[in-house]
Each structure stands twice: as C-alpha cells, then as structure tokens.
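Contents: one structure, followed by commentary.
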Amino acid sequence: MSIHRPALLTDHYELTMVSAALKDGTADRRCVFEVFSRRLPSGRRYGVVAGTARLIELIRDFRFEPSEVEFLLRTGVVDETAAAWLTDYRFTGDIDGYAEGELFFPGSPILTVSGGFAECVVLETLVLSVLNHDSAVAAAAARMVTAARGRALIEMGSRRAHEEAAVAAARAAYLAGFRFTSNLAAGALYGIPTAGTAAHAFTLLHDGERAAFASQVATLGKDTTLLVDTYDISQGIRNAIAVAGPELRAVRIDSGDLAVIAQQSRELLDSLGATETKIIVSGDLDEYAIAALAAEPVDMYGAGTAVVTGSGAPTAGLVYKLVEVEGRPVVKRSEHKATIGGRKVAVRRHKPTGTATEEIIVPQGVPDRQPNDRLLQRSFVVAGEPVPLPTLNESREHLRECLISIPWEGLKLSTGDPAVPVTVVPAG
C-alpha cells in the first residue's frame with residue numbers, strides 16, 4: 001500500500017462514524033458540511049483559498065483498494081458491512097465553494113460538501129489536509145508578494161518541507177504571485193516557470209571561485225546567476241564580472257546584512273560596468289524582511305522556509321462542520337466553537353469603484369443582492385462529477401484582482417481587523 005493514496009488520509013474516527021451510521025441507518029441522510037475558519041491566524045487580515053483544484057482531483061480518484069479494505073478489517077477499524085461499503089465507495093454528491101485564489105475571512109463558507117452523511121464525512125481529513133496547507137502557504141506568499149512591491153520572487157523552500165508538500169507549496173506560492181519556483185516537479189506538473197543557481201558546494205568543489213564561475217558560465221552562458229557570497233562578497237562580484245563580463249544576468253547573495261550588502265553590491269557592479277546585472281537576495285526571508293528591503297537595490301527575492309511553512313501560520317485554521325441534516329439546520333454549541341446552522345450563501349459587496357466593503361453571508365436563503373455584489377460560491381462537483389475549473393494562471397489572476405479590491409489597510413503587515421468585515425444576516 002502507498003501512503004500517498006488519498007483514501008489512506010481517512011482518519012480512524014471518520015470510519016468509526018461511517019460504521020455506526022451504516023448500522024443504525026443514518027448513513028444516507030442528506031447532509032451539508034461546510035469548511036470555514038473561526039478566526040484568521042494572528043496578525044493576518046485575510047486568508048487565501050488555495051488547493052481547490054488539487055482537492056477536486058483527489059476526490060475524483062478517492063477509492064479504497066482491496067488491500068486497504070483488508071487492512072481496515074484485519075485491524076478492527078471497520079466491520080464487514082463498512083468494508084463492503086468502502087469497497088464500492090464513490091462520491092456522488094455536490095461540492096461548491098469559493099474560487100481558488102479568492103480571499104476569505106472569519107466565517108466565510110469557503111467549501112460546501114453535500115450528499116449522504118457517510119460519503120461526506122469520510123472526506124473530512126482529505127479536505128482539511130489539502131486546504132489548510134495550501135491556503136496557509138498562499139496567504140503567506142501573498143503577503144510576501146505585497147511586500148515585494150512588484151519585484152519578482154522565487155519559491156525555493158523544497159528542502160524545508162515534506163517531498164509532496166513541497167510541490168503543493170510551490171503551486172500555492174505561484175498562485176499567490178511568485179514568479180518562479182526551484183521545484184522541478186511543480187514545473188512539470190503545473191507549468192510553473194522554474195529557476196535556480198548553483199549552491200556553495202559547487203564553488204567549494206573547484207580550486208577557486210573563478211574556476212567555479214567559469215564552469216557555470218561555460219555550461220549555461222551569461223544568462224545565469226552566480227552565487228557570490230561563498231567567501232568574500234565584494235571579491236566574489238569582481239570574480240563573477242571578470243569571468244562573465246558585464247552581460248552577466250544576475251548575482252545572488254545569501255547571507256549577511258542584506259540591506260547594506262545590496263547597496264554596496266549595486267555600487268560595485270555599476271563601477272565594473274555591469275549596470276544591468278541584477279541582484280537576487282535570499283536567506284530566511286519572510287514578508288517582514290522583504291518589506292524592510294523595499295528601499296534597497298534588490299531585483300528579486302528568494303524565499304524558502306517562511307513561505308512553505310506559512311510564515312508562522314502553518315495551517316489556515318479551517319474546520320469541516322456539519323450544518324444541515326435533511327434540510328434542517330444543525331448547530332454545535334460548544335464554548336468558543338459554536339457554529340451557525342444551515343447551508344450558507346455568500347456575496348462580496350463592493351463600492352462602484354470596485355473596493356470591497358463587506359461580505360454578506362445568509363444561512364438557508366438567498367442574499368438580497370445589490371449592485372456591485374459578487375456571488376462567491378461556484379460549483380466544483382455536481383452529482384459526483386467534477387466540472388471544468390479555472391486554470392492555475394486564471395486563479396492567479398483572480399487572486400491578484402481580489403487583493404486590488406480590498407481597502408489598502410487590509411494589505412498592511414501589522415495586526416488589525418480583517419480587511420473586509422463579515423455579516424451574517426437572516427434569509428431575506
């Protein structure tokens with residue numbers, strides 16, 4: 001058995017519920033589950049929906065293989081009735097939600113899964129695993145893109161993540177506006193532009209820095225990036241231009257006081273005639289470090305650990321809750337974890353200028369639509385069949401437009417209220 005199959009992400013307690021519901025006859029009751037966040041991570045003013053397309057593909061392929069069912073039977077996780085049900089499992093319900101690249105706020109019903117209780121509840125861990133990870137990365141990446149103020153970013157955090165999470169993180173970062181990734185699997189799977197340069201090991205391999213640079217330029221040409229901080233940065237820049245000439249595309253600096261070094265490096269490159277050679281900086285950069293370099297002569301940022309770990313918020317805090325049974329709203333009343341019953345419909349309200357002013361959520365009803373309102377949910381799966389979804393580049397553009405639409409205060413990196421207030425109103 002492969003641990004990478006989506007069905008194996010099912011949690012033990014989900015199958016406990018399935019087994020019991022099959023036995024007492026409630027497994028096929030028509031239910032509605034919703035995915036939402038009770039609150040945004042500390043310091044955040046918006047969330048970003050990411051991973052939807054990956055999730056729909058995984059649900060399409062969600063099957064229990066005979067060996068997996070045998071394992072569940074042998075270990076007593078399920079009985080014979082549940083085992084037979086799992087063997088024939090196919091999701092036949094509906095899935096609706098916010099578009100990938102959409103912004104969300106506390107209470108936003110970003111995904112709605114409806115169908116029989118058992119067929120919906122068995123998806124909980126898969127749904128939350130994908131959306132919590134990808135949305136966390138996308139939100140962090142979007143903040144970095146804002147902090148970069150139009151300068152390019154490259155995602156280079158694969159070595160700081162699980163091998164499969166690294167690919168998903170590269171996709172989420174690109175969705176958020178990163179220009180490149182160093183992850184070749186993400187490039188192959190999703191068409192994301194890839195970029196990268198040699199590491200310090202390549203310089204150390206050679207008898208001297210010039211020899212290493214000469215080898216790289218001889219192989220890749222002058223349209224490459226040379227890593228100049230293995231030894232002395234100023235001498236590294238001189239060696240790079242001596243070998244490649246002033247036509248060298250870029251140098252990368254991965255250590256030191258980047259604000260000071262960037263200024264000194266720009267002055268040195270210009271004095272050597274390399275006025276068009278770009279400066280790329282990296283080294284544990286997050287959105288705050290990137291913002292601090294806004295006034296410096298930096299052309300591109302490389303972000304690794306911070307972006308793939310959500311920059312301090314490794315999960316988006318999303319939950320998957322039952323809100324309706326056979327058309328009847330149900331609620332959880334636990335302290336600090338109460339839910340609002342009923343299937344929700346949401347619209348984003350805007351000024352005529354396009355600035356978002358409010359998100360309106362109506363349980364078990366239809367919002368009283370006003371001019372410039374935008375309906376947020378759309379269909380992803382109908383009667384078990386996925387519908388065509390936007391491309392990754394289309395979702396990337398959608399997020400860019402969403403970020404433009406929120407008030408400028410919502411883009412601040414400081415702690416504050418959500419960029420757009422959310423109002424839950426009774427059905428009109």
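Within each chain, counting starts at residue 1; across the structure tokens, chains are named A, B, ... in the order shown, with ligands numbered 1 upward in that order.
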
Checklist entry - Quick one: DSSP alpha helix (DSSP H) residues in segment 169-348 of chain A, as a PyMOL selection string? => result chain A and resi 169-175+184-190+200-205+209-220+233-244+258-271+287-292+305-308

Could you write out the selected residues, including C-alpha atoms, as a PDB file, in the first residue's frame?
```
ATOM      1  CA  ALA A 169       3.663  24.695  -1.655  1.00  0.00           C
ATOM      2  CA  ALA A 170       5.338  25.698  -4.899  1.00  0.00           C
ATOM      3  CA  ARG A 171       1.939  25.656  -6.603  1.00  0.00           C
ATOM      4  CA  ALA A 172       0.340  27.730  -3.832  1.00  0.00           C
ATOM      5  CA  ALA A 173       3.166  30.277  -3.906  1.00  0.00           C
ATOM      6  CA  TYR A 174       2.830  30.658  -7.671  1.00  0.00           C
ATOM      7  CA  LEU A 175      -0.933  31.090  -7.276  1.00  0.00           C
ATOM      8  CA  LEU A 184      11.142  20.931 -10.944  1.00  0.00           C
ATOM      9  CA  ALA A 185       8.247  18.612 -10.086  1.00  0.00           C
ATOM     10  CA  ALA A 186       5.989  21.660  -9.706  1.00  0.00           C
ATOM     11  CA  GLY A 187       7.275  22.934 -13.022  1.00  0.00           C
ATOM     12  CA  ALA A 188       6.480  19.645 -14.732  1.00  0.00           C
ATOM     13  CA  LEU A 189       3.064  19.135 -13.103  1.00  0.00           C
ATOM     14  CA  TYR A 190       1.707  22.683 -13.170  1.00  0.00           C
ATOM     15  CA  HIS A 200      28.014  26.951  -2.282  1.00  0.00           C
ATOM     16  CA  ALA A 201      29.018  23.318  -2.696  1.00  0.00           C
ATOM     17  CA  PHE A 202      29.725  23.909  -6.390  1.00  0.00           C
ATOM     18  CA  THR A 203      32.101  26.762  -5.573  1.00  0.00           C
ATOM     19  CA  LEU A 204      33.820  24.726  -2.868  1.00  0.00           C
ATOM     20  CA  LEU A 205      34.217  21.824  -5.293  1.00  0.00           C
ATOM     21  CA  GLU A 209      35.874  30.796  -7.144  1.00  0.00           C
ATOM     22  CA  ARG A 210      36.780  31.900 -10.654  1.00  0.00           C
ATOM     23  CA  ALA A 211      37.077  28.299 -11.775  1.00  0.00           C
ATOM     24  CA  ALA A 212      33.608  27.525 -10.460  1.00  0.00           C
ATOM     25  CA  PHE A 213      32.111  30.603 -12.134  1.00  0.00           C
ATOM     26  CA  ALA A 214      33.889  29.813 -15.394  1.00  0.00           C
ATOM     27  CA  SER A 215      32.463  26.287 -15.391  1.00  0.00           C
ATOM     28  CA  GLN A 216      28.920  27.536 -14.786  1.00  0.00           C
ATOM     29  CA  VAL A 217      29.141  30.234 -17.467  1.00  0.00           C
ATOM     30  CA  ALA A 218      30.704  27.821 -19.963  1.00  0.00           C
ATOM     31  CA  THR A 219      27.753  25.478 -19.443  1.00  0.00           C
ATOM     32  CA  LEU A 220      24.847  27.915 -19.087  1.00  0.00           C
ATOM     33  CA  ILE A 233      31.168  39.082  -1.415  1.00  0.00           C
ATOM     34  CA  SER A 234      32.982  42.028  -2.982  1.00  0.00           C
ATOM     35  CA  GLN A 235      35.703  39.786  -4.398  1.00  0.00           C
ATOM     36  CA  GLY A 236      33.038  37.338  -5.485  1.00  0.00           C
ATOM     37  CA  ILE A 237      31.329  40.040  -7.523  1.00  0.00           C
ATOM     38  CA  ARG A 238      34.652  41.073  -9.088  1.00  0.00           C
ATOM     39  CA  ASN A 239      35.369  37.452  -9.977  1.00  0.00           C
ATOM     40  CA  ALA A 240      31.890  36.998 -11.435  1.00  0.00           C
ATOM     41  CA  ILE A 241      32.198  40.007 -13.735  1.00  0.00           C
ATOM     42  CA  ALA A 242      35.777  39.142 -14.642  1.00  0.00           C
ATOM     43  CA  VAL A 243      34.604  35.705 -15.796  1.00  0.00           C
ATOM     44  CA  ALA A 244      31.216  36.518 -17.328  1.00  0.00           C
ATOM     45  CA  LEU A 258      21.303  42.290   3.079  1.00  0.00           C
ATOM     46  CA  ALA A 259      20.299  45.956   3.193  1.00  0.00           C
ATOM     47  CA  VAL A 260      23.891  47.141   3.473  1.00  0.00           C
ATOM     48  CA  ILE A 261      25.306  44.474   1.165  1.00  0.00           C
ATOM     49  CA  ALA A 262      22.735  45.157  -1.553  1.00  0.00           C
ATOM     50  CA  GLN A 263      23.726  48.831  -1.684  1.00  0.00           C
ATOM     51  CA  GLN A 264      27.442  48.052  -1.735  1.00  0.00           C
ATOM     52  CA  SER A 265      26.974  45.358  -4.368  1.00  0.00           C
ATOM     53  CA  ARG A 266      24.968  47.648  -6.644  1.00  0.00           C
ATOM     54  CA  GLU A 267      27.661  50.310  -6.427  1.00  0.00           C
ATOM     55  CA  LEU A 268      30.376  47.766  -7.158  1.00  0.00           C
ATOM     56  CA  LEU A 269      28.520  46.225 -10.103  1.00  0.00           C
ATOM     57  CA  ASP A 270      27.903  49.645 -11.610  1.00  0.00           C
ATOM     58  CA  SER A 271      31.573  50.595 -11.190  1.00  0.00           C
ATOM     59  CA  GLU A 287       7.339  39.205   4.426  1.00  0.00           C
ATOM     60  CA  TYR A 288       8.808  41.463   7.103  1.00  0.00           C
ATOM     61  CA  ALA A 289      12.384  41.034   5.883  1.00  0.00           C
ATOM     62  CA  ILE A 290      11.242  41.632   2.317  1.00  0.00           C
ATOM     63  CA  ALA A 291       9.388  44.805   3.342  1.00  0.00           C
ATOM     64  CA  ALA A 292      12.495  46.036   5.148  1.00  0.00           C
ATOM     65  CA  THR A 305      11.421  28.199   4.817  1.00  0.00           C
ATOM     66  CA  ALA A 306       8.985  31.022   5.586  1.00  0.00           C
ATOM     67  CA  VAL A 307       6.790  30.539   2.548  1.00  0.00           C
ATOM     68  CA  VAL A 308       6.481  26.734   2.674  1.00  0.00           C
TER      69      VAL A 308
END
```

Within 8 Å of segment 115-120 of chain A using only C-alpha atoms, minus same-chain residues under 2 positions, as a PDB file with N, CA, C and O atoms, in the first residue's frame:
```pdb
ATOM      1  N   MET A  17     -17.476   6.605  12.581  1.00  0.00           N
ATOM      2  CA  MET A  17     -18.797   7.194  12.325  1.00  0.00           C
ATOM      3  C   MET A  17     -19.496   6.514  11.154  1.00  0.00           C
ATOM      4  O   MET A  17     -20.706   6.274  11.195  1.00  0.00           O
ATOM      5  N   VAL A  18     -18.729   6.211  10.118  1.00  0.00           N
ATOM      6  CA  VAL A  18     -19.322   5.534   8.963  1.00  0.00           C
ATOM      7  C   VAL A  18     -19.884   4.183   9.377  1.00  0.00           C
ATOM      8  O   VAL A  18     -21.020   3.832   9.030  1.00  0.00           O
ATOM      9  N   ALA A  21     -23.030   4.693  11.504  1.00  0.00           N
ATOM     10  CA  ALA A  21     -24.142   5.227  10.724  1.00  0.00           C
ATOM     11  C   ALA A  21     -24.723   4.180   9.787  1.00  0.00           C
ATOM     12  O   ALA A  21     -25.946   4.123   9.570  1.00  0.00           O
ATOM     13  N   LEU A  22     -23.877   3.324   9.230  1.00  0.00           N
ATOM     14  CA  LEU A  22     -24.368   2.242   8.383  1.00  0.00           C
ATOM     15  C   LEU A  22     -25.222   1.266   9.207  1.00  0.00           C
ATOM     16  O   LEU A  22     -26.251   0.765   8.741  1.00  0.00           O
ATOM     17  N   THR A  26     -28.473   5.726   9.445  1.00  0.00           N
ATOM     18  CA  THR A  26     -28.384   7.173   9.194  1.00  0.00           C
ATOM     19  C   THR A  26     -27.336   7.542   8.147  1.00  0.00           C
ATOM     20  O   THR A  26     -27.149   8.724   7.840  1.00  0.00           O
ATOM     21  N   ALA A  27     -26.646   6.571   7.585  1.00  0.00           N
ATOM     22  CA  ALA A  27     -25.524   6.846   6.687  1.00  0.00           C
ATOM     23  C   ALA A  27     -25.927   7.619   5.441  1.00  0.00           C
ATOM     24  O   ALA A  27     -25.123   8.389   4.892  1.00  0.00           O
ATOM     25  N   ASP A  28     -27.153   7.436   4.983  1.00  0.00           N
ATOM     26  CA  ASP A  28     -27.594   8.075   3.742  1.00  0.00           C
ATOM     27  C   ASP A  28     -28.411   9.343   3.967  1.00  0.00           C
ATOM     28  O   ASP A  28     -28.948   9.913   3.005  1.00  0.00           O
ATOM     29  N   ARG A  29     -28.520   9.792   5.194  1.00  0.00           N
ATOM     30  CA  ARG A  29     -29.248  11.038   5.422  1.00  0.00           C
ATOM     31  C   ARG A  29     -28.553  12.179   4.671  1.00  0.00           C
ATOM     32  O   ARG A  29     -27.341  12.327   4.730  1.00  0.00           O
ATOM     33  N   ARG A  30     -29.344  12.992   3.979  1.00  0.00           N
ATOM     34  CA  ARG A  30     -28.775  14.082   3.195  1.00  0.00           C
ATOM     35  C   ARG A  30     -28.236  15.153   4.131  1.00  0.00           C
ATOM     36  O   ARG A  30     -28.944  15.691   4.982  1.00  0.00           O
ATOM     37  N   CYS A  31     -26.980  15.448   3.966  1.00  0.00           N
ATOM     38  CA  CYS A  31     -26.287  16.357   4.870  1.00  0.00           C
ATOM     39  C   CYS A  31     -25.517  17.427   4.106  1.00  0.00           C
ATOM     40  O   CYS A  31     -25.183  17.261   2.927  1.00  0.00           O
ATOM     41  N   VAL A  32     -25.223  18.509   4.798  1.00  0.00           N
ATOM     42  CA  VAL A  32     -24.378  19.576   4.271  1.00  0.00           C
ATOM     43  C   VAL A  32     -23.258  19.839   5.266  1.00  0.00           C
ATOM     44  O   VAL A  32     -23.516  20.091   6.453  1.00  0.00           O
ATOM     45  N   PHE A  33     -22.031  19.741   4.788  1.00  0.00           N
ATOM     46  CA  PHE A  33     -20.853  20.091   5.579  1.00  0.00           C
ATOM     47  C   PHE A  33     -20.251  21.370   4.993  1.00  0.00           C
ATOM     48  O   PHE A  33     -20.263  21.557   3.774  1.00  0.00           O
ATOM     49  N   TYR A  89     -17.033   2.516  -2.668  1.00  0.00           N
ATOM     50  CA  TYR A  89     -17.169   3.958  -2.443  1.00  0.00           C
ATOM     51  C   TYR A  89     -16.899   4.781  -3.701  1.00  0.00           C
ATOM     52  O   TYR A  89     -15.889   4.605  -4.372  1.00  0.00           O
ATOM     53  N   ARG A  90     -17.793   5.682  -3.985  1.00  0.00           N
ATOM     54  CA  ARG A  90     -17.630   6.741  -4.978  1.00  0.00           C
ATOM     55  C   ARG A  90     -18.381   7.943  -4.439  1.00  0.00           C
ATOM     56  O   ARG A  90     -19.521   7.811  -3.989  1.00  0.00           O
ATOM     57  N   PHE A  91     -17.775   9.106  -4.484  1.00  0.00           N
ATOM     58  CA  PHE A  91     -18.501  10.293  -4.034  1.00  0.00           C
ATOM     59  C   PHE A  91     -19.522  10.670  -5.096  1.00  0.00           C
ATOM     60  O   PHE A  91     -19.181  10.876  -6.265  1.00  0.00           O
ATOM     61  N   THR A  92     -20.786  10.770  -4.707  1.00  0.00           N
ATOM     62  CA  THR A  92     -21.864  11.049  -5.661  1.00  0.00           C
ATOM     63  C   THR A  92     -22.571  12.371  -5.369  1.00  0.00           C
ATOM     64  O   THR A  92     -23.584  12.688  -5.994  1.00  0.00           O
ATOM     65  N   GLY A  93     -22.044  13.131  -4.406  1.00  0.00           N
ATOM     66  CA  GLY A  93     -22.700  14.368  -4.003  1.00  0.00           C
ATOM     67  C   GLY A  93     -22.234  15.581  -4.776  1.00  0.00           C
ATOM     68  O   GLY A  93     -21.696  15.484  -5.891  1.00  0.00           O
ATOM     69  N   ASP A  94     -22.452  16.748  -4.170  1.00  0.00           N
ATOM     70  CA  ASP A  94     -22.115  18.032  -4.785  1.00  0.00           C
ATOM     71  C   ASP A  94     -21.088  18.763  -3.926  1.00  0.00           C
ATOM     72  O   ASP A  94     -21.099  18.653  -2.702  1.00  0.00           O
ATOM     73  N   VAL A 113     -19.865  20.799   1.072  1.00  0.00           N
ATOM     74  CA  VAL A 113     -19.924  19.412   0.591  1.00  0.00           C
ATOM     75  C   VAL A 113     -21.280  18.851   0.996  1.00  0.00           C
ATOM     76  O   VAL A 113     -21.617  18.813   2.177  1.00  0.00           O
ATOM     77  N   VAL A 122     -16.463  10.938   5.321  1.00  0.00           N
ATOM     78  CA  VAL A 122     -15.233  10.198   5.075  1.00  0.00           C
ATOM     79  C   VAL A 122     -14.176  11.067   4.362  1.00  0.00           C
ATOM     80  O   VAL A 122     -13.001  10.706   4.309  1.00  0.00           O
ATOM     81  N   LEU A 123     -14.591  12.225   3.854  1.00  0.00           N
ATOM     82  CA  LEU A 123     -13.669  13.113   3.139  1.00  0.00           C
ATOM     83  C   LEU A 123     -13.047  14.176   4.038  1.00  0.00           C
ATOM     84  O   LEU A 123     -12.200  14.951   3.584  1.00  0.00           O
ATOM     85  N   GLU A 124     -13.452  14.244   5.291  1.00  0.00           N
ATOM     86  CA  GLU A 124     -13.058  15.369   6.134  1.00  0.00           C
ATOM     87  C   GLU A 124     -11.552  15.576   6.214  1.00  0.00           C
ATOM     88  O   GLU A 124     -11.040  16.692   6.012  1.00  0.00           O
TER      89      GLU A 124
END
```

Next on the checklist: Report, in Å to a single decimal, how far apart atom CA of Val145 of chain A and atom CA of Gly177 of chain A are.
Outcome noted: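 Between atom CA of Gly177 of chain A and atom CA of Val145 of chain A the gap is 6.2 Å.
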
Item to check | Å distance separating atom CA of Leu389 of chain A from atom CA of Val130 of chain A, one decimal place | outcome: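 Atom-to-atom, atom CA of Leu389 of chain A to atom CA of Val130 of chain A, that is 16.9 Å.
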
Item to check | Interatomic distance (Å, one decimal) between atom CA of Val387 of chain A and atom CA of Glu100 of chain A | outcome: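 Pair atom CA of Val387 of chain A / atom CA of Glu100 of chain A returns 13.9 Å.
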
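Using only C-alpha atoms, the protein and nucleic acid residues lying no more than 7 Å from Ser405 of chain A, apart from those fewer than 2 places from it along its own chain, are Gly354, Thr355, Ala356, Glu401, Cys402, Leu403 and Pro407 of chain A.
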
Selected residues, N, CA, C and O atoms, written as a tab-separated table (two decimals), in the first residue's frame, please.
```
chain	number	residue	atom	x	y	z
A	354	GLY	N	-15.12	49.50	-7.10
A	354	GLY	CA	-14.56	48.15	-7.05
A	354	GLY	C	-13.98	47.76	-5.72
A	354	GLY	O	-13.56	46.61	-5.53
A	355	THR	N	-13.91	48.68	-4.76
A	355	THR	CA	-13.37	48.36	-3.45
A	355	THR	C	-14.35	47.53	-2.64
A	355	THR	O	-15.52	47.89	-2.51
A	356	ALA	N	-13.89	46.41	-2.10
A	356	ALA	CA	-14.75	45.55	-1.29
A	356	ALA	C	-15.05	46.22	0.04
A	356	ALA	O	-14.16	46.78	0.69
A	401	GLU	N	-6.58	40.25	-8.62
A	401	GLU	CA	-7.69	41.19	-8.66
A	401	GLU	C	-8.36	41.33	-7.29
A	401	GLU	O	-8.78	42.42	-6.90
A	402	CYS	N	-8.46	40.23	-6.55
A	402	CYS	CA	-9.05	40.29	-5.21
A	402	CYS	C	-8.21	41.17	-4.28
A	402	CYS	O	-8.76	41.95	-3.48
A	403	LEU	N	-6.90	41.05	-4.36
A	403	LEU	CA	-6.03	41.85	-3.50
A	403	LEU	C	-6.13	43.33	-3.84
A	403	LEU	O	-6.03	44.19	-2.96
A	407	PRO	N	-9.57	47.21	0.78
A	407	PRO	CA	-9.01	48.50	1.21
A	407	PRO	C	-7.53	48.39	1.50
A	407	PRO	O	-7.05	47.35	1.97
```

Checklist outcome for this item: Between A:Ala7, A:Val77, A:Ala82, A:Ala338, smallest distance to Lys23 of chain A by only C-alpha atoms belongs to A:Ala82

Item to check | Distance query segment 370-378 of chain A at most 6 Å, only C-alpha atoms, self and fewer than 2 positions along chain excluded, as a list in words | outcome: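 Surrounding residues, per the criterion: Asp96, Gly97, Tyr98, Ala346, Val347, Arg348, Arg349 and His350 of chain A.
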
Next on the checklist: I'd like to know which residues of segment 173-350 of chain A are strand (DSSP E or B) (by DSSP, run on the backbone); could you write them as a PyMOL selection string?
Outcome noted: chain A and resi 180-181+194+225-227+250-253+278-282+300-303+318-325+328-329+344-350

Please save N, CA and C atoms of the selected residues as a compact mmCIF listing (two decimals), in the first residue's frame.
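As a result, part27.txt now contains:
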```txt
# COMPACT_ATOMS: atom_id res chain seq x y z
N PHE A 180 8.62 32.43 -9.92
CA PHE A 180 9.34 31.19 -10.24
C PHE A 180 9.31 30.24 -9.04
N THR A 181 9.67 28.98 -9.31
CA THR A 181 9.97 28.02 -8.26
C THR A 181 11.23 27.27 -8.65
N THR A 194 10.49 27.66 -13.78
CA THR A 194 11.49 27.26 -12.80
C THR A 194 12.77 28.08 -12.96
N THR A 225 22.87 32.99 -13.06
CA THR A 225 23.06 33.70 -11.80
C THR A 225 24.21 33.06 -11.05
N LEU A 226 25.16 33.87 -10.64
CA LEU A 226 26.32 33.37 -9.91
C LEU A 226 26.18 33.71 -8.43
N LEU A 227 26.42 32.72 -7.58
CA LEU A 227 26.34 32.87 -6.13
C LEU A 227 27.67 33.43 -5.64
N ALA A 250 22.75 37.91 -13.43
CA ALA A 250 22.47 38.22 -12.03
C ALA A 250 23.51 37.61 -11.11
N VAL A 251 23.60 38.20 -9.92
CA VAL A 251 24.36 37.62 -8.82
C VAL A 251 23.38 37.37 -7.68
N ARG A 252 23.67 36.33 -6.88
CA ARG A 252 22.82 36.05 -5.73
C ARG A 252 23.63 36.15 -4.46
N ILE A 253 23.02 36.78 -3.44
CA ILE A 253 23.64 36.95 -2.13
C ILE A 253 22.74 36.26 -1.11
N LYS A 278 21.50 41.95 -12.40
CA LYS A 278 20.51 42.01 -11.32
C LYS A 278 21.09 41.46 -10.01
N ILE A 279 20.48 41.90 -8.91
CA ILE A 279 20.86 41.42 -7.59
C ILE A 279 19.70 40.62 -7.02
N ILE A 280 19.95 39.35 -6.69
CA ILE A 280 18.97 38.47 -6.06
C ILE A 280 19.44 38.20 -4.65
N VAL A 281 18.52 38.36 -3.68
CA VAL A 281 18.89 38.08 -2.30
C VAL A 281 18.01 36.95 -1.76
N SER A 282 18.58 36.18 -0.85
CA SER A 282 17.86 35.06 -0.23
C SER A 282 18.43 34.87 1.17
N MET A 300 15.26 40.81 -7.07
CA MET A 300 14.48 39.60 -6.88
C MET A 300 14.77 39.02 -5.50
N TYR A 301 13.73 38.42 -4.91
CA TYR A 301 13.87 37.79 -3.61
C TYR A 301 13.69 36.27 -3.75
N GLY A 302 14.48 35.52 -3.00
CA GLY A 302 14.29 34.08 -2.91
C GLY A 302 13.78 33.73 -1.54
N ALA A 303 12.60 33.15 -1.46
CA ALA A 303 12.01 32.80 -0.17
C ALA A 303 11.89 31.28 -0.06
N LEU A 318 -8.74 26.03 9.21
CA LEU A 318 -10.04 25.67 8.64
C LEU A 318 -10.62 24.44 9.35
N VAL A 319 -11.94 24.43 9.48
CA VAL A 319 -12.65 23.30 10.08
C VAL A 319 -13.74 22.83 9.12
N TYR A 320 -14.21 21.60 9.33
CA TYR A 320 -15.20 20.95 8.45
C TYR A 320 -16.36 20.52 9.33
N LYS A 321 -17.48 21.23 9.23
CA LYS A 321 -18.54 21.02 10.20
C LYS A 321 -19.88 20.73 9.51
N LEU A 322 -20.63 19.83 10.16
CA LEU A 322 -21.99 19.51 9.70
C LEU A 322 -22.92 20.67 10.08
N VAL A 323 -23.65 21.21 9.08
CA VAL A 323 -24.51 22.36 9.34
C VAL A 323 -25.97 22.10 8.97
N GLU A 324 -26.23 20.98 8.29
CA GLU A 324 -27.62 20.73 7.86
C GLU A 324 -27.84 19.22 7.69
N VAL A 325 -28.99 18.73 8.16
CA VAL A 325 -29.38 17.33 8.00
C VAL A 325 -30.80 17.29 7.46
N ARG A 328 -32.66 20.42 7.56
CA ARG A 328 -32.84 21.05 8.87
C ARG A 328 -31.50 21.55 9.38
N PRO A 329 -31.39 22.84 9.75
CA PRO A 329 -30.11 23.35 10.26
C PRO A 329 -29.74 22.69 11.58
N LYS A 344 -24.95 27.95 3.76
CA LYS A 344 -24.77 29.39 3.60
C LYS A 344 -24.59 29.78 2.12
N VAL A 345 -25.04 30.98 1.82
CA VAL A 345 -24.76 31.62 0.54
C VAL A 345 -24.05 32.93 0.86
N ALA A 346 -23.00 33.27 0.11
CA ALA A 346 -22.21 34.45 0.44
C ALA A 346 -21.99 35.33 -0.78
N VAL A 347 -22.01 36.64 -0.54
CA VAL A 347 -21.67 37.61 -1.59
C VAL A 347 -20.65 38.59 -1.02
N ARG A 348 -19.81 39.12 -1.87
CA ARG A 348 -18.88 40.19 -1.51
C ARG A 348 -19.46 41.49 -2.05
N ARG A 349 -19.64 42.44 -1.17
CA ARG A 349 -20.22 43.73 -1.55
C ARG A 349 -19.11 44.72 -1.88
N HIS A 350 -19.30 45.53 -2.93
CA HIS A 350 -18.27 46.45 -3.40
C HIS A 350 -18.84 47.85 -3.63
```

Checklist entry - Looking at A:Val35, A:Val48, A:Val420, A:Ala136, which one is nearest to Pro109 of chain A, with distances taken over only C-alpha atoms? => result A:Val35

Checklist entry - Which residues, written as a PyMOL selection string, have at least one atom at most 8 Å from Phe105 of chain A, with only C-alpha atoms counted and residues fewer than 2 positions away on the same chain left out? => result chain A and resi 37+39-40+45-47+103+107-108+418+420-422
